[in-house]
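All remarks here apply to the structure that follows.
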Amino acid sequence: MKRILYVILILIVPQIIVFGYITHEEKEQEKEMKLVNYTMKADRLNKKVVDHTKFEVLQQDFERPQDVTLACLSCHNERHGEIMANNHWTWDRNENLHGRNEMISVGKKNILNNFCIGVAGSEKTCTRCHIGYGWEDHSFDFSKEENIDCLVCHDQSGMYEKAKGQAGRPVEGLNLNVIAQSVGSPERANCGICHYWGGGGNNVKHGDLDKAMNDCSREVDVHMTTEGEDMSCVECHVTENHNITGKLYALSSENKNRITCAQCHTDRPHDDEILDNHGIRVACQTCHIPVYAKANSTKMIWDWSTAGRLDEDGHTMHENDADGNHNYLSIKGNFVYDNNVIPEYYWFNGLADHMLITDSITSIPIQMNTLEGSYNDKGTHCESSACSKIWPVKVHRGKQPYDVVNNTLVQPKLWSPQKGDSAYWLDFDWNESIIAGMNYLDLPYSGEYGFVETEMYWPLNHQVSPADKALKCVDCHTNSDKGRLAELKDFYLPGRDRFALIDNLGLLLLILTSLGVIIHGAIRIVLGRNCIEDNKKS
Amino acid sequence: MKVYIYKIFERFWHWTQAFLIGFLAITGFEVHGYFELFGYKEAVIYHDNAAWAFLILIVFAIFWHFTTGAWREYIPTTKLIKEQAAYYITGIFKGSEHPTNKLVYNKFNPLQRMIYLGLKILVIPVMVLSGFAYMYLNYPNITFQLGSLDIVAGIHTMGAFFLIIFVIAHIYLTTTAHKPLSSIKAMITGWEEMDEKEAREMVISEMEHGLKKAKAYLATDTDRETKSKFLDEALQETEDKLGVNKCEKFRDVVANSGAGYFKINSDGMYKEVNKAWANLYKYNSPSDVIGKHYSLSRSDRALKQLDETFEKVMKGETIEHGIVMRKCQDGTVGYHTITMTPWGTDGKILGVEGFILNVNPKNAAAIQWDNK
């Protein structure tokens, strides 16, 4: 008995202690979130410092919206300079596109995408989202102060609205007096009117910017939810002197003026070293935006090549899918929408290239905005100052017209107020519309067009899920085909990758050893029994 | 017969290591994506913790091996390696005897030595180093970094397979001892059950160690002009047979074992005995015996056997004798085993010397009975 106790004490107790030590986990307590540069809503003093209703200059019946702008500038008499330097005004920026050693002027003004392709020739409708009045064509005067539209961003009455096809001018009959007196810091609806609705419909382009986010649950967006912090856009997109931080790589190319999660959450936000270390190579968004387009669908595929089908009477058609989203429009072709979409994952280091209208097509599908990065880009001595991280990306796949002979993308003219102006959306003649569009840009067109597959990449940043909905280890560390990183194959990922040779050889040896042991043992048992029987006989 | 063969630390180390290797294998292969058991995150954390625990254990084990001299048990030898391999391939099925015996200071057979040494100096270090690289060198925020995890992970996986295969073979081979479970029991209690022959070998081995001890004494004694060439040869033979080299530890062991040393000249007179010898024969001091004839050590009946042995040894043989009964000064009797070997100079035999090792009367009876 004493012996048994002794054995237990010496041999079993240590194992229990070791096991306890190994599997010991600190109980997860409700730990306070690490936050910097941010004051929680509950701790804020919400007091208006200016009441615009009391300014005399605003108490007039404005005839033109430009008069409101002039009234604003009568006090904020240097702000127009800030605005005129802003991309929201210029739709243009001089940037160093990755892989090209020259500064190139790119922006909404001239860059092509695989949604509505480009604004050139159709400005009058597209500039409904320009923060100005009257950008109809090349002749727009970007230096004229009164053309700045202050109200689209600062209106807090909810009454302000820009008109369709009117080059950014507001609809008729607005009470500009009331609207002007309502002004304040931009709210979600101000930004959202363009950023939700870009591409011609709600949540069409981004997939993570949706009108639902004006009033959404925690599940949709843990930051903007009205159930919680109720954050507006500018609380992250911190803005000083109208320099709005944050950028989107549908248009941007350089790694500057970006917003990071770390600006509030720090770069070591977890109480877990392994997770924090993941942040060195994995963007926060990757785990914390497990799906996008949570409240409304977003457009995943746009095929222009089927556009132009008209009904028997020559009228345009539209067909919807089961969820009520368009899947065919005569003017635009076929679409595929989807919601609760699982992102695709790419290495990304903050640098991007763009397919310019003057570039030759070298590979298909064409990458409209190539996100740069790879596993081997680890920062120092590499292409970027910061290392590439794995990012969740919405990939929008398209099929759009190109010049078969010149091997370039083309800009068709899509919109016009009246028929007979070569605008595709009214005349349905691709060749005419491309001639008109390329003429407008003063670019060559061979006269032969075809349709080419394109991809456009939208790194995801919004619709962050609550922590408990974040990705789990096995979502990536798995060899299942459904693993989130199943396609990102340029590096060794534990749990996903293995060397077939080592594993197969190892398993083979394991099986052979086991078989060897079983056979060896069996022979011993059989021969041993025979010997005993022999002995008994003799 | 049971022999105490594994010390407390050895057993603690062995089982803790066994547990940790098993646990590391399970969590490791979960991380490798083979199955889901603890959950991926938990598996990673447990694997890391177990690795640290293993590392601590390794530090203690290294310390233990060097302070106790147990590291010598892993010195590789090719002696009997073929025989050992042949035993596992064919001999074991025919009921042959083990070609090597498990002895207190020579626990491992040549194959074990090779495999265990391989584990200690190759597999474990490789696993530790690749494990550290796996944990710390994969992020770009440190000076030295790996291009990719793949090589490290590949090596670590290879090592893991090797260890698992080792464990399977190791567990199976424990069943090849005296009885299928005696090795495992020994590793739990420290006492290994051996058959009678093995036990006798143990005794002989202790005596051989005694001889070694004698040599150590001879070397340190001041007025010993000539070292016994014969003893040297005998020791060499022993060393060769066992595949071990000289070990400092024997000195203490022999002292504790109570082995008695004696040296007799060609006339049969005691030239020298040590204190242990005198104690066993219940003399007050060695000087009471020096110069007297060896016949005082036996009863009349048993003396004849001793005479025969003496004559044989004087002719150059080394004799390892089984249990004999001695006559003490006060007329009582005791039992011991005896090893006798010639000594001399320039190849001329000048007398005999050797060791006697006390045997508990109870065991002596049993062994004598077995012999008959």
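Here, A, B, ... name the chains of the structure tokens in the order displayed, residue numbers run from 1 inside each chain, and ligands are numbered from 1 in the same displayed order.
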| message | Taking only C-alpha atoms into account and nothing else, which residues of chain A lie no more than 8 Å away from chain B? Please answer as a ChimeraX atom specification. | response | /A:7,10-11,14-15,18,21-23,277,280-281,376,378-379,387,473-474,477-479,491-499,502-503,506-507,509-510,513-514,517,523-524,527-528
Keeping N, CA and C atoms for every residue in the selection just given, could you write it to a file as a CSV table (one decimal), in the first residue's frame?
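See part34.csv below for the written result:
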```csv
chain,number,residue,atom,x,y,z
A,7,VAL,N,4.5,5.3,-5.4
A,7,VAL,CA,4.5,5.4,-6.9
A,7,VAL,C,3.7,6.5,-7.4
A,10,ILE,N,5.3,9.8,-6.8
A,10,ILE,CA,6.4,10.2,-7.6
A,10,ILE,C,6.1,10.3,-9.1
A,11,LEU,N,5.2,9.4,-9.6
A,11,LEU,CA,5.1,9.3,-11.0
A,11,LEU,C,3.8,9.9,-11.6
A,14,PRO,N,3.3,14.3,-10.6
A,14,PRO,CA,3.9,15.2,-11.5
A,14,PRO,C,3.2,15.4,-12.9
A,15,GLN,N,2.7,14.3,-13.4
A,15,GLN,CA,2.0,14.4,-14.7
A,15,GLN,C,0.8,15.2,-14.6
A,18,VAL,N,2.0,18.8,-14.4
A,18,VAL,CA,2.4,19.3,-15.7
A,18,VAL,C,1.2,19.5,-16.6
A,21,TYR,N,-0.5,22.6,-15.6
A,21,TYR,CA,0.3,23.8,-16.0
A,21,TYR,C,0.1,24.1,-17.5
A,22,ILE,N,0.2,23.0,-18.3
A,22,ILE,CA,0.1,23.2,-19.8
A,22,ILE,C,-1.3,23.7,-20.2
A,23,THR,N,-2.3,23.2,-19.6
A,23,THR,CA,-3.7,23.6,-20.1
A,23,THR,C,-4.3,24.7,-19.3
A,277,ASN,N,0.6,39.2,-32.5
A,277,ASN,CA,1.6,38.9,-33.5
A,277,ASN,C,1.1,38.7,-34.9
A,280,ILE,N,1.0,41.5,-37.3
A,280,ILE,CA,2.1,41.9,-38.1
A,280,ILE,C,1.9,41.6,-39.6
A,281,ARG,N,1.3,40.5,-39.8
A,281,ARG,CA,1.1,40.0,-41.2
A,281,ARG,C,-0.4,39.9,-41.6
A,376,ASN,N,6.5,37.5,-49.3
A,376,ASN,CA,7.9,37.9,-49.2
A,376,ASN,C,8.1,39.3,-49.0
A,378,LYS,N,8.3,41.8,-46.8
A,378,LYS,CA,8.2,41.9,-45.3
A,378,LYS,C,8.6,43.3,-44.8
A,379,GLY,N,8.6,44.3,-45.7
A,379,GLY,CA,8.8,45.7,-45.2
A,379,GLY,C,10.2,46.1,-45.5
A,387,CYS,N,5.2,46.1,-44.1
A,387,CYS,CA,5.1,44.8,-44.8
A,387,CYS,C,3.7,44.5,-45.3
A,473,CYS,N,-9.4,30.6,-35.4
A,473,CYS,CA,-8.1,30.0,-36.0
A,473,CYS,C,-8.3,29.1,-37.2
A,474,VAL,N,-9.3,28.1,-37.0
A,474,VAL,CA,-9.4,27.1,-38.0
A,474,VAL,C,-10.1,27.6,-39.3
A,477,HIS,N,-6.5,28.2,-40.6
A,477,HIS,CA,-5.6,27.1,-40.4
A,477,HIS,C,-6.3,25.8,-40.6
A,478,THR,N,-6.6,25.5,-41.8
A,478,THR,CA,-7.3,24.3,-42.1
A,478,THR,C,-6.9,23.8,-43.5
A,479,ASN,N,-7.0,22.6,-43.8
A,479,ASN,CA,-6.7,22.1,-45.1
A,479,ASN,C,-7.9,21.9,-46.0
A,491,PHE,N,2.8,31.0,-49.3
A,491,PHE,CA,3.6,30.8,-48.1
A,491,PHE,C,3.1,29.6,-47.4
A,492,TYR,N,3.9,29.2,-46.3
A,492,TYR,CA,3.5,28.0,-45.6
A,492,TYR,C,2.6,28.4,-44.4
A,493,LEU,N,1.4,27.9,-44.4
A,493,LEU,CA,0.4,28.2,-43.3
A,493,LEU,C,0.2,26.9,-42.5
A,494,PRO,N,0.6,26.9,-41.2
A,494,PRO,CA,0.4,25.8,-40.4
A,494,PRO,C,-1.1,25.3,-40.4
A,495,GLY,N,-1.3,24.1,-40.4
A,495,GLY,CA,-2.7,23.6,-40.4
A,495,GLY,C,-3.3,23.4,-41.8
A,496,ARG,N,-2.7,24.2,-42.7
A,496,ARG,CA,-3.2,24.2,-44.1
A,496,ARG,C,-2.2,23.4,-45.0
A,497,ASP,N,-1.0,23.8,-44.8
A,497,ASP,CA,0.0,23.2,-45.7
A,497,ASP,C,0.8,22.1,-45.0
A,498,ARG,N,1.3,21.2,-45.9
A,498,ARG,CA,2.1,20.2,-45.4
A,498,ARG,C,2.9,19.7,-46.6
A,499,PHE,N,4.1,19.1,-46.3
A,499,PHE,CA,4.9,18.5,-47.4
A,499,PHE,C,4.4,17.1,-47.6
A,502,ILE,N,7.0,14.4,-46.8
A,502,ILE,CA,7.3,14.1,-45.4
A,502,ILE,C,6.1,13.4,-44.7
A,503,ASP,N,4.9,13.9,-45.0
A,503,ASP,CA,3.7,13.3,-44.3
A,503,ASP,C,3.5,11.9,-44.8
A,506,GLY,N,6.2,9.7,-43.5
A,506,GLY,CA,6.0,9.5,-42.1
A,506,GLY,C,4.9,8.6,-41.7
A,507,LEU,N,3.8,8.7,-42.4
A,507,LEU,CA,2.6,7.9,-42.2
A,507,LEU,C,2.9,6.4,-42.6
A,509,LEU,N,5.9,5.0,-42.7
A,509,LEU,CA,6.8,4.4,-41.7
A,509,LEU,C,6.0,4.0,-40.4
A,510,LEU,N,5.1,4.9,-40.1
A,510,LEU,CA,4.2,4.7,-38.9
A,510,LEU,C,3.5,3.4,-39.0
A,513,THR,N,5.8,0.4,-39.0
A,513,THR,CA,6.3,0.1,-37.7
A,513,THR,C,5.2,-0.7,-36.9
A,514,SER,N,4.0,-0.1,-37.0
A,514,SER,CA,2.9,-0.8,-36.3
A,514,SER,C,2.7,-2.2,-36.8
A,517,VAL,N,5.5,-4.4,-35.5
A,517,VAL,CA,5.3,-4.7,-34.1
A,517,VAL,C,4.2,-5.8,-33.9
A,523,ILE,N,4.1,-13.5,-33.9
A,523,ILE,CA,4.9,-14.7,-34.0
A,523,ILE,C,5.4,-15.1,-32.6
A,524,ARG,N,5.8,-14.1,-31.8
A,524,ARG,CA,6.3,-14.5,-30.5
A,524,ARG,C,5.2,-15.3,-29.7
A,527,LEU,N,4.7,-18.8,-31.3
A,527,LEU,CA,5.8,-19.7,-31.1
A,527,LEU,C,5.9,-20.0,-29.6
A,528,GLY,N,5.6,-19.0,-28.8
A,528,GLY,CA,5.7,-19.2,-27.3
A,528,GLY,C,4.7,-20.2,-26.9
```
| request: Find the spatial neighbours of region 285-299 of chain A, counting only C-alpha atoms, within a cut-off of 9 Å - ignore same-chain residues fewer than 6 positions away - and output them as JSON, numbers by chain. | output: {"A": [202, 203, 204, 205, 206, 207, 208, 209, 210, 211, 212, 213, 216, 219, 220, 221, 261, 323, 325, 335, 336, 337, 338, 339, 340, 341, 342, 343, 345, 390, 391, 392, 393, 394, 396, 460, 461, 462, 463, 464, 465, 466, 467, 469, 470, 471, 472]}
Write the residues of the preceding selection, restricted to N, CA and C atoms, as a tab-separated table (two decimals), in the first residue's frame.
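Result went into part-v9.tsv, see below:
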```tsv
chain	number	residue	atom	x	y	z
A	202	ASN	N	-27.67	51.35	-54.10
A	202	ASN	CA	-27.18	51.22	-52.74
A	202	ASN	C	-26.23	50.03	-52.63
A	203	ASN	N	-25.08	50.26	-52.00
A	203	ASN	CA	-24.10	49.22	-51.70
A	203	ASN	C	-23.57	48.51	-52.96
A	204	VAL	N	-23.77	49.13	-54.13
A	204	VAL	CA	-23.35	48.47	-55.37
A	204	VAL	C	-21.84	48.28	-55.41
A	205	LYS	N	-21.12	49.36	-55.11
A	205	LYS	CA	-19.67	49.31	-55.31
A	205	LYS	C	-18.93	48.67	-54.14
A	206	HIS	N	-18.98	49.31	-52.97
A	206	HIS	CA	-18.11	48.90	-51.86
A	206	HIS	C	-18.46	47.52	-51.31
A	207	GLY	N	-19.74	47.29	-51.11
A	207	GLY	CA	-20.13	46.06	-50.44
A	207	GLY	C	-20.10	46.20	-48.93
A	208	ASP	N	-19.30	47.13	-48.41
A	208	ASP	CA	-19.28	47.35	-46.96
A	208	ASP	C	-19.76	48.76	-46.60
A	209	LEU	N	-20.38	49.46	-47.58
A	209	LEU	CA	-20.98	50.76	-47.30
A	209	LEU	C	-22.40	50.74	-47.85
A	210	ASP	N	-23.34	50.82	-46.92
A	210	ASP	CA	-24.73	50.49	-47.24
A	210	ASP	C	-25.61	51.49	-46.50
A	211	LYS	N	-26.69	51.91	-47.12
A	211	LYS	CA	-27.59	52.87	-46.47
A	211	LYS	C	-28.09	52.33	-45.13
A	212	ALA	N	-28.13	51.01	-45.00
A	212	ALA	CA	-28.58	50.41	-43.75
A	212	ALA	C	-27.70	50.85	-42.58
A	213	MET	N	-26.49	51.28	-42.88
A	213	MET	CA	-25.57	51.63	-41.81
A	213	MET	C	-25.91	52.97	-41.17
A	216	CYS	N	-28.11	50.71	-37.94
A	216	CYS	CA	-27.92	49.26	-38.07
A	216	CYS	C	-27.64	48.60	-36.73
A	219	GLU	N	-24.39	43.59	-35.21
A	219	GLU	CA	-23.90	42.55	-36.09
A	219	GLU	C	-23.43	43.13	-37.43
A	220	VAL	N	-24.15	44.16	-37.90
A	220	VAL	CA	-23.80	44.73	-39.20
A	220	VAL	C	-22.53	45.57	-39.08
A	221	ASP	N	-22.51	46.48	-38.12
A	221	ASP	CA	-21.32	47.30	-37.94
A	221	ASP	C	-21.21	47.70	-36.48
A	261	CYS	N	-7.00	50.85	-37.95
A	261	CYS	CA	-7.72	50.48	-36.75
A	261	CYS	C	-6.89	50.84	-35.52
A	323	ASP	N	-34.29	38.19	-54.90
A	323	ASP	CA	-34.19	39.14	-53.80
A	323	ASP	C	-34.60	40.55	-54.20
A	325	ASN	N	-33.11	42.28	-56.57
A	325	ASN	CA	-32.00	43.02	-57.17
A	325	ASN	C	-32.05	42.84	-58.69
A	335	PHE	N	-26.23	41.38	-64.27
A	335	PHE	CA	-25.55	41.54	-62.98
A	335	PHE	C	-25.74	40.30	-62.15
A	336	VAL	N	-24.82	40.10	-61.22
A	336	VAL	CA	-25.04	39.16	-60.13
A	336	VAL	C	-24.83	39.92	-58.83
A	337	TYR	N	-25.82	39.87	-57.97
A	337	TYR	CA	-25.71	40.47	-56.64
A	337	TYR	C	-25.54	39.35	-55.62
A	338	ASP	N	-24.99	39.70	-54.48
A	338	ASP	CA	-24.90	38.71	-53.41
A	338	ASP	C	-24.85	39.44	-52.07
A	339	ASN	N	-25.32	38.75	-51.04
A	339	ASN	CA	-25.20	39.33	-49.70
A	339	ASN	C	-24.50	38.34	-48.77
A	340	ASN	N	-24.11	38.84	-47.60
A	340	ASN	CA	-23.30	38.06	-46.65
A	340	ASN	C	-22.17	37.34	-47.39
A	341	VAL	N	-21.41	38.12	-48.12
A	341	VAL	CA	-20.37	37.55	-48.98
A	341	VAL	C	-19.09	37.32	-48.18
A	342	ILE	N	-18.49	36.17	-48.41
A	342	ILE	CA	-17.17	35.90	-47.82
A	342	ILE	C	-16.12	36.57	-48.68
A	343	PRO	N	-15.27	37.40	-48.07
A	343	PRO	CA	-14.28	38.12	-48.87
A	343	PRO	C	-13.27	37.19	-49.52
A	345	TYR	N	-9.06	36.94	-50.27
A	345	TYR	CA	-7.94	37.44	-49.48
A	345	TYR	C	-6.70	37.62	-50.33
A	390	ILE	N	-2.25	40.31	-45.06
A	390	ILE	CA	-3.39	39.67	-45.70
A	390	ILE	C	-4.62	40.54	-45.48
A	391	TRP	N	-5.29	40.89	-46.57
A	391	TRP	CA	-6.47	41.76	-46.49
A	391	TRP	C	-7.69	41.07	-47.06
A	392	PRO	N	-8.85	41.39	-46.48
A	392	PRO	CA	-10.09	40.92	-47.10
A	392	PRO	C	-10.46	41.88	-48.22
A	393	VAL	N	-10.84	41.33	-49.34
A	393	VAL	CA	-11.09	42.17	-50.51
A	393	VAL	C	-12.40	41.75	-51.17
A	394	LYS	N	-13.19	42.73	-51.54
A	394	LYS	CA	-14.31	42.44	-52.43
A	394	LYS	C	-13.76	42.49	-53.85
A	396	HIS	N	-14.77	42.63	-57.63
A	396	HIS	CA	-15.89	42.83	-58.55
A	396	HIS	C	-15.43	42.43	-59.95
A	460	LEU	N	-11.66	45.72	-47.89
A	460	LEU	CA	-12.79	45.98	-47.01
A	460	LEU	C	-12.33	46.62	-45.71
A	461	ASN	N	-13.11	47.57	-45.23
A	461	ASN	CA	-12.76	48.26	-43.99
A	461	ASN	C	-13.94	48.43	-43.05
A	462	HIS	N	-15.14	48.42	-43.62
A	462	HIS	CA	-16.32	48.72	-42.80
A	462	HIS	C	-17.09	47.45	-42.51
A	463	GLN	N	-18.20	47.63	-41.80
A	463	GLN	CA	-19.01	46.48	-41.37
A	463	GLN	C	-18.18	45.52	-40.53
A	464	VAL	N	-17.45	46.09	-39.57
A	464	VAL	CA	-16.70	45.29	-38.61
A	464	VAL	C	-17.69	44.58	-37.69
A	465	SER	N	-17.47	43.28	-37.50
A	465	SER	CA	-18.39	42.48	-36.68
A	465	SER	C	-17.99	42.56	-35.21
A	466	PRO	N	-18.92	42.23	-34.31
A	466	PRO	CA	-18.55	42.14	-32.89
A	466	PRO	C	-17.45	41.08	-32.72
A	467	ALA	N	-16.66	41.23	-31.65
A	467	ALA	CA	-15.47	40.37	-31.46
A	467	ALA	C	-15.81	38.89	-31.53
A	469	LYS	N	-17.81	37.42	-33.25
A	469	LYS	CA	-18.10	36.95	-34.61
A	469	LYS	C	-16.86	36.93	-35.48
A	470	ALA	N	-15.73	37.34	-34.91
A	470	ALA	CA	-14.49	37.38	-35.69
A	470	ALA	C	-14.11	35.96	-36.12
A	471	LEU	N	-13.26	35.89	-37.11
A	471	LEU	CA	-12.81	34.57	-37.58
A	471	LEU	C	-12.11	33.83	-36.46
A	472	LYS	N	-12.23	32.51	-36.48
A	472	LYS	CA	-11.50	31.65	-35.54
A	472	LYS	C	-10.27	31.08	-36.26
```
| task | Could you give me, as a ChimeraX atom specification, the residues within 12 Å of Gln329 (chain B), counting only C-alpha atoms and dropping anything in the same chain fewer than 4 positions from it? | result | /B:277-285,288-289,295-299,333-334
Hey, can you spit out that residue selection with C-alpha atoms as a JSON list (two decimals), in the first residue's frame?
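out-v6.json, freshly written:
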```json
[["chain", "number", "residue", "atom", "x", "y", "z"],
["B", 277, "TRP", "CA", 37.72, -8.21, 3.87],
["B", 278, "ALA", "CA", 38.73, -8.18, 7.52],
["B", 279, "ASN", "CA", 35.21, -7.10, 8.50],
["B", 280, "LEU", "CA", 33.61, -9.87, 6.52],
["B", 281, "TYR", "CA", 35.83, -12.41, 8.25],
["B", 282, "LYS", "CA", 35.27, -10.64, 11.58],
["B", 283, "TYR", "CA", 38.93, -9.82, 12.18],
["B", 284, "ASN", "CA", 39.72, -6.62, 13.99],
["B", 285, "SER", "CA", 42.20, -5.36, 11.41],
["B", 288, "ASP", "CA", 45.72, -9.91, 12.04],
["B", 289, "VAL", "CA", 45.65, -11.87, 8.79],
["B", 295, "SER", "CA", 43.31, -22.06, 4.81],
["B", 296, "LEU", "CA", 42.02, -20.02, 7.73],
["B", 297, "SER", "CA", 39.23, -18.76, 5.51],
["B", 298, "ARG", "CA", 37.46, -22.06, 4.97],
["B", 299, "SER", "CA", 36.12, -24.95, 6.93],
["B", 333, "VAL", "CA", 29.96, -18.74, 8.61],
["B", 334, "GLY", "CA", 29.07, -16.29, 5.88]]
```
| said: Residues near Leu251 (chain A), anyone? I mean within 8 Å using only C-alpha atoms, not counting same-chain ones fewer than 4 positions away, as a PyMOL selection string. | reply: chain A and resi 106-108+111+354+369
Output of the above residues as a tab-separated table (two decimals), in the first residue's frame, restricted to C-alpha atoms:
```tsv
chain	number	residue	atom	x	y	z
A	106	VAL	CA	-5.41	59.76	-61.66
A	107	GLY	CA	-8.83	60.19	-60.11
A	108	LYS	CA	-12.50	59.74	-60.71
A	111	ILE	CA	-9.69	56.39	-64.17
A	354	HIS	CA	-4.17	51.08	-62.07
A	369	ASN	CA	-6.39	48.22	-59.75
```
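Rounded to one decimal, CA of Leu151 (chain A) and CA of Thr69 (chain A) lie 8.1 Å from each other.
Interatomic distance, CA of Asp377 (chain A) against CA of Asn349 (chain A): 8.0 Å.
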| said: Can you tell me which residues surround Asn406 (chain A) at a distance of at most 10 Å, considering only C-alpha atoms, apart from same-chain residues fewer than 4 positions away, and format the answer as a list in words? | reply: Thr358, Asp359, Ser360, Ile361, Tyr402, Val410, Pro444, Tyr445, Ser446, Gly447, Glu448 and Tyr449 of chain A
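Taking only C-alpha atoms into account, Pro342 (chain B) lies nearest to B:Lys315 out of the set B:Lys315, B:Lys82, B:Lys275, B:His170.
For Leu414 (chain A), the residues within 6 Å (counting only C-alpha atoms, excluding itself and residues fewer than 3 positions away along the chain) are Ala423, Tyr424 and Trp425 of chain A.
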| field | Pairwise distance for CA of Trp415 (chain A) and CA of Thr454 (chain A), rounded to one decimal in Å | value | 22.2 Å
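Comparing A:Ile331, A:Asp215, A:Ala386, A:Cys153 by their smallest distance to Gly228 (chain A), the closest is A:Asp215 (using only C-alpha atoms).
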| task | Write out as a ChimeraX atom specification all residues of region 57-279 of chain A that backbone DSSP assigns to strand (DSSP E). | result | /A:93-96,103-106,239-240,243-244
| query | region 29-190 of chain B: which residues are helix (DSSP H, G or I) by DSSP, as a count of residues only? | reply | 113
